[in-house]
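**Student:** work.txt is reproduced in full below (compact mmCIF, C-alpha atoms and all ligand atoms).
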# COMPACT_ATOMS: atom_id res chain seq x y z
CA MET A 1 26.92 -1.86 -17.20
CA LEU A 2 30.06 0.20 -17.64
CA LYS A 3 31.58 1.43 -14.41
CA ASN A 4 31.40 5.24 -14.11
CA ALA A 5 29.53 5.42 -17.39
CA PRO A 6 27.76 8.77 -17.79
CA ALA A 7 23.98 8.93 -18.06
CA PRO A 8 22.51 8.74 -21.53
CA ALA A 9 22.26 12.19 -23.09
CA PHE A 10 18.76 13.63 -23.25
CA GLN A 11 19.60 16.50 -25.61
CA ASP A 12 18.31 14.43 -28.50
CA HIS A 13 15.03 12.75 -27.80
CA ALA A 14 11.71 11.85 -29.34
CA ASP A 15 9.35 14.73 -29.88
CA GLY A 16 5.67 15.33 -30.47
CA PRO A 17 2.40 14.57 -28.69
CA LEU A 18 2.39 11.59 -26.36
CA ASP A 19 0.10 9.47 -28.51
CA ALA A 20 2.26 10.10 -31.58
CA MET A 21 5.36 9.20 -29.60
CA ARG A 22 3.74 5.99 -28.38
CA GLN A 23 2.76 5.06 -31.92
CA ALA A 24 6.25 5.80 -33.22
CA ALA A 25 7.75 3.65 -30.45
CA GLU A 26 5.73 0.70 -31.71
CA GLU A 27 7.94 0.78 -34.81
CA CYS A 28 11.17 1.37 -32.89
CA ARG A 29 14.19 -0.63 -34.05
CA ARG A 30 16.84 1.30 -32.12
CA CYS A 31 17.92 -1.92 -30.40
CA ASP A 32 17.08 -5.61 -30.77
CA LEU A 33 14.65 -5.95 -27.88
CA TYR A 34 11.61 -5.41 -30.09
CA ARG A 35 12.27 -8.78 -31.77
CA ASP A 36 11.09 -11.08 -28.97
CA ALA A 37 8.80 -8.84 -26.96
CA THR A 38 5.05 -8.90 -27.57
CA GLN A 39 4.69 -5.14 -27.83
CA VAL A 40 6.16 -1.84 -26.76
CA VAL A 41 5.07 -0.69 -23.29
CA PHE A 42 5.10 3.09 -23.22
CA GLY A 43 4.62 5.27 -20.15
CA GLU A 44 1.18 6.20 -18.90
CA GLY A 45 -0.32 8.64 -16.46
CA ALA A 46 -1.20 12.26 -15.98
CA ARG A 47 -0.22 14.27 -19.07
CA HIS A 48 1.46 17.00 -16.99
CA ALA A 49 2.25 14.99 -13.89
CA ARG A 50 4.45 16.74 -11.39
CA VAL A 51 6.20 13.47 -10.59
CA LEU A 52 7.46 10.98 -13.17
CA LEU A 53 8.43 7.53 -11.88
CA ILE A 54 10.86 5.40 -13.87
CA GLY A 55 11.26 1.65 -13.53
CA GLU A 56 13.57 -0.69 -15.41
CA GLN A 57 11.56 -2.39 -18.16
CA PRO A 58 8.15 -4.01 -18.60
CA GLY A 59 7.78 -7.41 -16.97
CA ASP A 60 6.03 -10.49 -18.31
CA ARG A 61 2.54 -9.22 -17.44
CA GLU A 62 3.19 -5.71 -18.73
CA ASP A 63 4.50 -7.16 -21.98
CA GLN A 64 1.27 -9.12 -22.43
CA LEU A 65 -1.07 -6.29 -21.48
CA GLY A 66 0.85 -3.36 -22.97
CA HIS A 67 0.70 -1.18 -19.85
CA PRO A 68 3.42 -0.29 -17.32
CA PHE A 69 3.36 -1.43 -13.69
CA VAL A 70 0.33 -3.73 -13.96
CA GLY A 71 2.08 -6.91 -12.76
CA PRO A 72 2.97 -7.99 -9.21
CA ALA A 73 5.58 -5.24 -8.75
CA GLY A 74 3.07 -2.66 -9.99
CA ARG A 75 0.45 -3.83 -7.51
CA PHE A 76 3.05 -3.71 -4.74
CA LEU A 77 3.98 -0.18 -5.80
CA ASP A 78 0.31 0.85 -5.85
CA GLY A 79 -0.10 -0.31 -2.25
CA CYS A 80 3.03 1.55 -1.12
CA LEU A 81 1.97 4.74 -2.94
CA GLU A 82 -1.43 4.56 -1.30
CA GLU A 83 0.15 4.05 2.11
CA ALA A 84 2.37 7.08 1.45
CA GLY A 85 -0.75 9.13 0.70
CA ILE A 86 -0.04 9.43 -3.02
CA ASP A 87 -2.57 8.87 -5.79
CA ARG A 88 -1.00 6.97 -8.69
CA ALA A 89 -3.34 8.90 -11.02
CA ASP A 90 -1.42 12.09 -10.18
CA CYS A 91 1.83 10.58 -11.46
CA TYR A 92 3.29 9.46 -14.78
CA LEU A 93 4.84 5.99 -14.76
CA THR A 94 7.26 4.66 -17.32
CA ASN A 95 10.33 2.48 -17.75
CA ALA A 96 13.90 3.18 -18.83
CA VAL A 97 13.52 0.46 -21.48
CA LYS A 98 10.25 0.00 -23.33
CA HIS A 99 10.46 -3.63 -24.48
CA PHE A 100 10.58 -6.72 -22.26
CA LYS A 101 13.99 -8.43 -22.23
CA PHE A 102 13.91 -12.06 -21.18
CA LYS A 103 15.31 -15.54 -21.71
CA ARG A 104 13.17 -18.62 -22.13
CA LEU A 105 13.29 -21.40 -19.57
CA GLY A 106 10.89 -24.03 -20.81
CA LYS A 107 7.56 -22.27 -21.07
CA ARG A 108 8.61 -19.51 -18.71
CA ARG A 109 10.07 -16.15 -19.71
CA ILE A 110 12.70 -15.05 -17.22
CA HIS A 111 13.51 -11.35 -16.86
CA GLU A 112 16.95 -10.28 -18.07
CA LYS A 113 18.51 -6.97 -17.12
CA PRO A 114 18.88 -4.56 -20.06
CA ASN A 115 22.46 -3.63 -20.86
CA THR A 116 24.00 -0.17 -21.05
CA GLY A 117 23.59 0.09 -24.82
CA GLU A 118 19.90 -0.80 -24.64
CA VAL A 119 19.28 1.75 -21.87
CA ARG A 120 21.14 4.40 -23.85
CA ARG A 121 19.22 3.75 -27.04
CA CYS A 122 15.88 3.71 -25.27
CA ALA A 123 16.70 7.01 -23.55
CA TRP A 124 15.45 8.53 -26.80
CA TRP A 125 11.91 7.74 -25.62
CA LEU A 126 12.45 8.46 -21.94
CA GLY A 127 13.89 11.86 -22.81
CA GLY A 128 10.85 12.53 -24.99
CA GLU A 129 8.47 11.64 -22.18
CA ILE A 130 10.30 13.85 -19.68
CA ALA A 131 10.37 16.77 -22.14
CA LEU A 132 6.66 16.45 -22.76
CA VAL A 133 5.38 15.79 -19.24
CA LYS A 134 7.74 18.39 -17.69
CA PRO A 135 7.71 16.90 -14.19
CA ARG A 136 9.07 18.65 -11.11
CA LEU A 137 10.58 15.43 -9.82
CA LEU A 138 11.85 12.19 -11.31
CA VAL A 139 11.74 9.04 -9.17
CA THR A 140 14.24 6.38 -10.18
CA LEU A 141 13.10 2.91 -9.10
CA GLY A 142 16.17 0.67 -9.04
CA ALA A 143 19.63 0.70 -10.56
CA THR A 144 18.68 0.72 -14.25
CA ALA A 145 16.45 3.77 -13.86
CA ALA A 146 19.10 5.50 -11.76
CA PHE A 147 21.66 4.80 -14.48
CA ALA A 148 19.32 6.07 -17.18
CA VAL A 149 18.92 9.40 -15.41
CA LEU A 150 22.13 9.83 -13.41
CA GLY A 151 24.79 7.58 -14.93
CA LYS A 152 26.95 5.77 -12.43
CA ARG A 153 27.47 8.71 -10.07
CA TYR A 154 25.11 7.21 -7.50
CA ALA A 155 24.49 3.72 -6.13
CA VAL A 156 20.95 2.81 -5.12
CA THR A 157 22.10 0.87 -2.05
CA VAL A 158 24.08 3.87 -0.75
CA ASP A 159 22.02 6.81 -2.02
CA ARG A 160 18.42 5.60 -1.78
CA GLY A 161 16.15 8.21 -0.25
CA ARG A 162 18.25 11.11 -1.55
CA ILE A 163 16.97 13.78 -3.93
CA VAL A 164 19.83 14.76 -6.22
CA ASP A 165 20.36 17.14 -9.12
CA THR A 166 20.37 15.84 -12.67
CA GLU A 167 21.97 17.23 -15.81
CA ILE A 168 18.53 17.97 -17.24
CA GLY A 169 17.59 20.32 -14.41
CA VAL A 170 14.90 18.14 -12.84
CA PRO A 171 15.78 16.67 -9.42
CA ALA A 172 15.64 12.92 -8.98
CA LEU A 173 14.63 10.87 -5.95
CA ILE A 174 16.64 7.66 -5.81
CA THR A 175 14.97 4.54 -4.47
CA VAL A 176 14.71 0.81 -5.03
CA HIS A 177 12.57 -1.06 -7.54
CA PRO A 178 9.46 -2.62 -5.98
CA SER A 179 10.34 -5.99 -7.56
CA ALA A 180 13.50 -6.10 -5.40
CA LEU A 181 11.33 -5.75 -2.29
CA LEU A 182 8.97 -8.43 -3.58
CA ARG A 183 11.88 -10.81 -4.10
CA SER A 184 13.08 -10.31 -0.51
CA ARG A 185 9.67 -10.84 1.11
CA GLY A 186 10.88 -13.85 3.13
CA ARG A 187 13.72 -11.95 4.81
CA PRO A 188 13.47 -10.86 8.45
CA ASP A 189 13.88 -7.19 7.51
CA ALA A 190 11.33 -7.29 4.67
CA GLU A 191 8.66 -5.26 6.46
CA GLN A 192 11.25 -2.72 7.62
CA GLU A 193 12.47 -2.34 4.03
CA ARG A 194 8.91 -1.94 2.77
CA GLN A 195 8.25 0.80 5.31
CA ARG A 196 11.48 2.50 4.29
CA PHE A 197 10.30 2.42 0.68
CA VAL A 198 6.93 3.96 1.68
CA ALA A 199 8.79 6.72 3.55
CA GLU A 200 10.95 7.39 0.50
CA LEU A 201 7.89 7.61 -1.74
CA GLY A 202 6.47 10.09 0.76
CA LYS A 203 9.22 12.51 -0.30
CA MET A 204 7.26 12.99 -3.53
CA LYS A 205 4.45 14.79 -1.72
CA PRO A 206 5.86 18.35 -1.63
CA PHE A 207 6.42 18.12 -5.41
CA LEU A 208 2.81 17.09 -6.01
CA LYS A 209 1.37 20.12 -4.27
CA ALA A 210 0.26 23.12 -6.31
S1 LIG B 1 13.80 -1.27 -26.07
FE1 LIG B 1 13.55 0.90 -26.56
S2 LIG B 1 15.20 1.35 -28.01
FE2 LIG B 1 14.96 -0.88 -27.95
S3 LIG B 1 13.52 -1.33 -29.62
FE3 LIG B 1 12.33 -1.11 -27.74
S4 LIG B 1 11.65 1.02 -27.74
FE4 LIG B 1 13.35 0.86 -29.19
What do you get writing this file as structure tokens?
**Tutor:**
Amino acid sequence: MLKNAPAPAFQDHADGPLDAMRQAAEECRRCDLYRDATQVVFGEGARHARVLLIGEQPGDREDQLGHPFVGPAGRFLDGCLEEAGIDRADCYLTNAVKHFKFKRLGKRRIHEKPNTGEVRRCAWWLGGEIALVKPRLLVTLGATAAFAVLGKRYAVTVDRGRIVDTEIGVPALITVHPSALLRSRGRPDAEQERQRFVAELGKMKPFLKA
């Protein structure tokens, strides 16, 4: 990604009811990622959720099933949300990029990070989801989501746990992507990092209250 690149602009974004937006995204050709992916994976959750969580892109399992956060990282996130006292059903979950980007290694499909242009083009859909759901808080899970919402003003490693202002007037909580914690499960500080993540997710709670 470009150093110091600004966040994608959300002034222009998809519009209309969520189902119509999801259907329109199935035909999206704004970048090339639709070519190899199985299907678009649009956001899901409470229609007017007070908190909207944003990951990077669908993984292998999500690409097959067509739903966000249903693979290993999603299950890990579910457990951490539960431990933080948060019901996933109260939230809206989506990704910065709606098609799975991968490279083939034999029969396996290996995740590839979306580039700046792909994140920018897919912001059309993310902006539409945010405009429709009207959350009180965005939660950026990992660097790609943070870039999609905040540009390069913040670094996840330095700023995780902070709630910062965004240019679209909705604050954003910066934290890591659950897949990064899954990858580091063998490390001595893995449990400490998991607990830190749970504590960061706990910062959503005041925004979920009436
Ligand atoms: S990744 Fe996003 S912008 Fe690219 S084709 Fe898919 S929906 Fe469209």
**Student:** Show me which residues are within 9 Å of ligand LIG 1 (chain B) counting all atoms listed in the file, and format the list as a PyMOL selection string.
**Tutor:** chain A and resi 25-35+37+39-42+57+96-101+114+118-126
**Student:** Just the selected residues (C-alpha atoms), exported as a PDB file, keeping the file's coordinate frame, please.
**Tutor:**
ATOM      1  CA  ALA A  25       7.750   3.650 -30.450  1.00  0.00           C
ATOM      2  CA  GLU A  26       5.730   0.700 -31.710  1.00  0.00           C
ATOM      3  CA  GLU A  27       7.940   0.780 -34.810  1.00  0.00           C
ATOM      4  CA  CYS A  28      11.170   1.370 -32.890  1.00  0.00           C
ATOM      5  CA  ARG A  29      14.190  -0.630 -34.050  1.00  0.00           C
ATOM      6  CA  ARG A  30      16.840   1.300 -32.120  1.00  0.00           C
ATOM      7  CA  CYS A  31      17.920  -1.920 -30.400  1.00  0.00           C
ATOM      8  CA  ASP A  32      17.080  -5.610 -30.770  1.00  0.00           C
ATOM      9  CA  LEU A  33      14.650  -5.950 -27.880  1.00  0.00           C
ATOM     10  CA  TYR A  34      11.610  -5.410 -30.090  1.00  0.00           C
ATOM     11  CA  ARG A  35      12.270  -8.780 -31.770  1.00  0.00           C
ATOM     12  CA  ALA A  37       8.800  -8.840 -26.960  1.00  0.00           C
ATOM     13  CA  GLN A  39       4.690  -5.140 -27.830  1.00  0.00           C
ATOM     14  CA  VAL A  40       6.160  -1.840 -26.760  1.00  0.00           C
ATOM     15  CA  VAL A  41       5.070  -0.690 -23.290  1.00  0.00           C
ATOM     16  CA  PHE A  42       5.100   3.090 -23.220  1.00  0.00           C
ATOM     17  CA  GLN A  57      11.560  -2.390 -18.160  1.00  0.00           C
ATOM     18  CA  ALA A  96      13.900   3.180 -18.830  1.00  0.00           C
ATOM     19  CA  VAL A  97      13.520   0.460 -21.480  1.00  0.00           C
ATOM     20  CA  LYS A  98      10.250   0.000 -23.330  1.00  0.00           C
ATOM     21  CA  HIS A  99      10.460  -3.630 -24.480  1.00  0.00           C
ATOM     22  CA  PHE A 100      10.580  -6.720 -22.260  1.00  0.00           C
ATOM     23  CA  LYS A 101      13.990  -8.430 -22.230  1.00  0.00           C
ATOM     24  CA  PRO A 114      18.880  -4.560 -20.060  1.00  0.00           C
ATOM     25  CA  GLU A 118      19.900  -0.800 -24.640  1.00  0.00           C
ATOM     26  CA  VAL A 119      19.280   1.750 -21.870  1.00  0.00           C
ATOM     27  CA  ARG A 120      21.140   4.400 -23.850  1.00  0.00           C
ATOM     28  CA  ARG A 121      19.220   3.750 -27.040  1.00  0.00           C
ATOM     29  CA  CYS A 122      15.880   3.710 -25.270  1.00  0.00           C
ATOM     30  CA  ALA A 123      16.700   7.010 -23.550  1.00  0.00           C
ATOM     31  CA  TRP A 124      15.450   8.530 -26.800  1.00  0.00           C
ATOM     32  CA  TRP A 125      11.910   7.740 -25.620  1.00  0.00           C
ATOM     33  CA  LEU A 126      12.450   8.460 -21.940  1.00  0.00           C
TER      34      LEU A 126
END
**Student:** In Å, rounded to a single decimal, give me how far CA of Lys205 in chain A is from CA of Gly161 in chain A.
**Tutor:**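 Computed distance, CA of Gly161 in chain A to CA of Lys205 in chain A, equals 13.5 Å.
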**Student:** Please measure the separation of CA of Thr94 in chain A and CA of Phe69 in chain A, giving the value in Å to one decimal.
**Tutor:**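 Here the two named atoms are 8.1 Å from each other.
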**Student:** Please compute the CA of Leu93 in chain A-CA of Asp189 in chain A distance, one decimal, in Å.
**Tutor:** 27.4 Å
**Student:** Determine the nearest neighbour of Gly71 in chain A from the options A:Met204, A:Ala46, A:Leu182, A:Ile130, counting only C-alpha atoms.
**Tutor:**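 For Gly71 in chain A, the nearest of the given residues is A:Leu182.
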**Student:** For range 146-151 of chain A, please output as a ChimeraX atom specification all residues within 12 Å (counting only C-alpha atoms; exclusion window: fewer than 6 positions along the same chain).
**Tutor:** /A:1-10,52-57,95-97,114-127,130,137-140,157,159-160,162-177
**Student:** With C-alpha atoms retained, could you export that selection as a CSV table (one decimal), keeping the file's coordinate frame?
**Tutor:**
chain,number,residue,atom,x,y,z
A,1,MET,CA,26.9,-1.9,-17.2
A,2,LEU,CA,30.1,0.2,-17.6
A,3,LYS,CA,31.6,1.4,-14.4
A,4,ASN,CA,31.4,5.2,-14.1
A,5,ALA,CA,29.5,5.4,-17.4
A,6,PRO,CA,27.8,8.8,-17.8
A,7,ALA,CA,24.0,8.9,-18.1
A,8,PRO,CA,22.5,8.7,-21.5
A,9,ALA,CA,22.3,12.2,-23.1
A,10,PHE,CA,18.8,13.6,-23.2
A,52,LEU,CA,7.5,11.0,-13.2
A,53,LEU,CA,8.4,7.5,-11.9
A,54,ILE,CA,10.9,5.4,-13.9
A,55,GLY,CA,11.3,1.6,-13.5
A,56,GLU,CA,13.6,-0.7,-15.4
A,57,GLN,CA,11.6,-2.4,-18.2
A,95,ASN,CA,10.3,2.5,-17.8
A,96,ALA,CA,13.9,3.2,-18.8
A,97,VAL,CA,13.5,0.5,-21.5
A,114,PRO,CA,18.9,-4.6,-20.1
A,115,ASN,CA,22.5,-3.6,-20.9
A,116,THR,CA,24.0,-0.2,-21.0
A,117,GLY,CA,23.6,0.1,-24.8
A,118,GLU,CA,19.9,-0.8,-24.6
A,119,VAL,CA,19.3,1.8,-21.9
A,120,ARG,CA,21.1,4.4,-23.8
A,121,ARG,CA,19.2,3.8,-27.0
A,122,CYS,CA,15.9,3.7,-25.3
A,123,ALA,CA,16.7,7.0,-23.6
A,124,TRP,CA,15.4,8.5,-26.8
A,125,TRP,CA,11.9,7.7,-25.6
A,126,LEU,CA,12.4,8.5,-21.9
A,127,GLY,CA,13.9,11.9,-22.8
A,130,ILE,CA,10.3,13.8,-19.7
A,137,LEU,CA,10.6,15.4,-9.8
A,138,LEU,CA,11.8,12.2,-11.3
A,139,VAL,CA,11.7,9.0,-9.2
A,140,THR,CA,14.2,6.4,-10.2
A,157,THR,CA,22.1,0.9,-2.0
A,159,ASP,CA,22.0,6.8,-2.0
A,160,ARG,CA,18.4,5.6,-1.8
A,162,ARG,CA,18.2,11.1,-1.6
A,163,ILE,CA,17.0,13.8,-3.9
A,164,VAL,CA,19.8,14.8,-6.2
A,165,ASP,CA,20.4,17.1,-9.1
A,166,THR,CA,20.4,15.8,-12.7
A,167,GLU,CA,22.0,17.2,-15.8
A,168,ILE,CA,18.5,18.0,-17.2
A,169,GLY,CA,17.6,20.3,-14.4
A,170,VAL,CA,14.9,18.1,-12.8
A,171,PRO,CA,15.8,16.7,-9.4
A,172,ALA,CA,15.6,12.9,-9.0
A,173,LEU,CA,14.6,10.9,-6.0
A,174,ILE,CA,16.6,7.7,-5.8
A,175,THR,CA,15.0,4.5,-4.5
A,176,VAL,CA,14.7,0.8,-5.0
A,177,HIS,CA,12.6,-1.1,-7.5
**Student:** Reconstruct N, CA and C atoms of range 64-85 of chain A from the incomplete input and present them as a PDB file, in the coordinates of the input.
**Tutor:**
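Dumped to rebuild_8.pdb:
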ATOM      1  N   GLN A  64       2.498  -8.534 -21.880  1.00  0.00           N
ATOM      2  CA  GLN A  64       1.270  -9.120 -22.430  1.00  0.00           C
ATOM      3  C   GLN A  64       0.148  -8.092 -22.542  1.00  0.00           C
ATOM      4  N   LEU A  65       0.056  -7.224 -21.532  1.00  0.00           N
ATOM      5  CA  LEU A  65      -1.070  -6.290 -21.480  1.00  0.00           C
ATOM      6  C   LEU A  65      -0.783  -4.940 -22.152  1.00  0.00           C
ATOM      7  N   GLY A  66       0.498  -4.616 -22.288  1.00  0.00           N
ATOM      8  CA  GLY A  66       0.850  -3.360 -22.970  1.00  0.00           C
ATOM      9  C   GLY A  66       0.775  -2.123 -22.095  1.00  0.00           C
ATOM     10  N   HIS A  67       0.762  -2.318 -20.774  1.00  0.00           N
ATOM     11  CA  HIS A  67       0.700  -1.180 -19.850  1.00  0.00           C
ATOM     12  C   HIS A  67       1.791  -1.332 -18.784  1.00  0.00           C
ATOM     13  N   PRO A  68       2.348  -0.207 -18.319  1.00  0.00           N
ATOM     14  CA  PRO A  68       3.420  -0.290 -17.320  1.00  0.00           C
ATOM     15  C   PRO A  68       2.883  -0.528 -15.911  1.00  0.00           C
ATOM     16  N   PHE A  69       3.651  -1.231 -15.118  1.00  0.00           N
ATOM     17  CA  PHE A  69       3.360  -1.430 -13.690  1.00  0.00           C
ATOM     18  C   PHE A  69       1.957  -2.003 -13.449  1.00  0.00           C
ATOM     19  N   VAL A  70       1.615  -3.051 -14.182  1.00  0.00           N
ATOM     20  CA  VAL A  70       0.330  -3.730 -13.960  1.00  0.00           C
ATOM     21  C   VAL A  70       0.530  -5.169 -13.479  1.00  0.00           C
ATOM     22  N   GLY A  71       1.791  -5.572 -13.270  1.00  0.00           N
ATOM     23  CA  GLY A  71       2.080  -6.910 -12.760  1.00  0.00           C
ATOM     24  C   GLY A  71       2.231  -6.874 -11.244  1.00  0.00           C
ATOM     25  N   PRO A  72       2.808  -7.924 -10.672  1.00  0.00           N
ATOM     26  CA  PRO A  72       2.970  -7.990  -9.210  1.00  0.00           C
ATOM     27  C   PRO A  72       3.732  -6.792  -8.625  1.00  0.00           C
ATOM     28  N   ALA A  73       4.810  -6.382  -9.274  1.00  0.00           N
ATOM     29  CA  ALA A  73       5.580  -5.240  -8.750  1.00  0.00           C
ATOM     30  C   ALA A  73       4.745  -3.953  -8.811  1.00  0.00           C
ATOM     31  N   GLY A  74       3.938  -3.835  -9.855  1.00  0.00           N
ATOM     32  CA  GLY A  74       3.070  -2.660  -9.990  1.00  0.00           C
ATOM     33  C   GLY A  74       2.023  -2.622  -8.888  1.00  0.00           C
ATOM     34  N   ARG A  75       1.457  -3.782  -8.582  1.00  0.00           N
ATOM     35  CA  ARG A  75       0.450  -3.830  -7.510  1.00  0.00           C
ATOM     36  C   ARG A  75       1.103  -3.511  -6.161  1.00  0.00           C
ATOM     37  N   PHE A  76       2.314  -4.012  -5.984  1.00  0.00           N
ATOM     38  CA  PHE A  76       3.050  -3.710  -4.740  1.00  0.00           C
ATOM     39  C   PHE A  76       3.319  -2.212  -4.662  1.00  0.00           C
ATOM     40  N   LEU A  77       3.735  -1.627  -5.769  1.00  0.00           N
ATOM     41  CA  LEU A  77       3.980  -0.180  -5.800  1.00  0.00           C
ATOM     42  C   LEU A  77       2.706   0.602  -5.507  1.00  0.00           C
ATOM     43  N   ASP A  78       1.598   0.173  -6.094  1.00  0.00           N
ATOM     44  CA  ASP A  78       0.310   0.850  -5.850  1.00  0.00           C
ATOM     45  C   ASP A  78      -0.007   0.899  -4.353  1.00  0.00           C
ATOM     46  N   GLY A  79       0.180  -0.246  -3.680  1.00  0.00           N
ATOM     47  CA  GLY A  79      -0.100  -0.310  -2.250  1.00  0.00           C
ATOM     48  C   GLY A  79       0.803   0.626  -1.456  1.00  0.00           C
ATOM     49  N   CYS A  80       2.078   0.695  -1.840  1.00  0.00           N
ATOM     50  CA  CYS A  80       3.030   1.550  -1.120  1.00  0.00           C
ATOM     51  C   CYS A  80       2.718   3.025  -1.395  1.00  0.00           C
ATOM     52  N   LEU A  81       2.340   3.352  -2.631  1.00  0.00           N
ATOM     53  CA  LEU A  81       1.970   4.740  -2.940  1.00  0.00           C
ATOM     54  C   LEU A  81       0.755   5.146  -2.109  1.00  0.00           C
ATOM     55  N   GLU A  82      -0.214   4.257  -2.058  1.00  0.00           N
ATOM     56  CA  GLU A  82      -1.430   4.560  -1.300  1.00  0.00           C
ATOM     57  C   GLU A  82      -1.084   4.781   0.175  1.00  0.00           C
ATOM     58  N   GLU A  83      -0.237   3.916   0.702  1.00  0.00           N
ATOM     59  CA  GLU A  83       0.150   4.050   2.110  1.00  0.00           C
ATOM     60  C   GLU A  83       0.912   5.363   2.348  1.00  0.00           C
ATOM     61  N   ALA A  84       1.628   5.807   1.337  1.00  0.00           N
ATOM     62  CA  ALA A  84       2.370   7.080   1.450  1.00  0.00           C
ATOM     63  C   ALA A  84       1.450   8.283   1.225  1.00  0.00           C
ATOM     64  N   GLY A  85       0.191   8.021   0.907  1.00  0.00           N
ATOM     65  CA  GLY A  85      -0.750   9.130   0.700  1.00  0.00           C
ATOM     66  C   GLY A  85      -0.662   9.735  -0.684  1.00  0.00           C
TER      67      GLY A  85
END
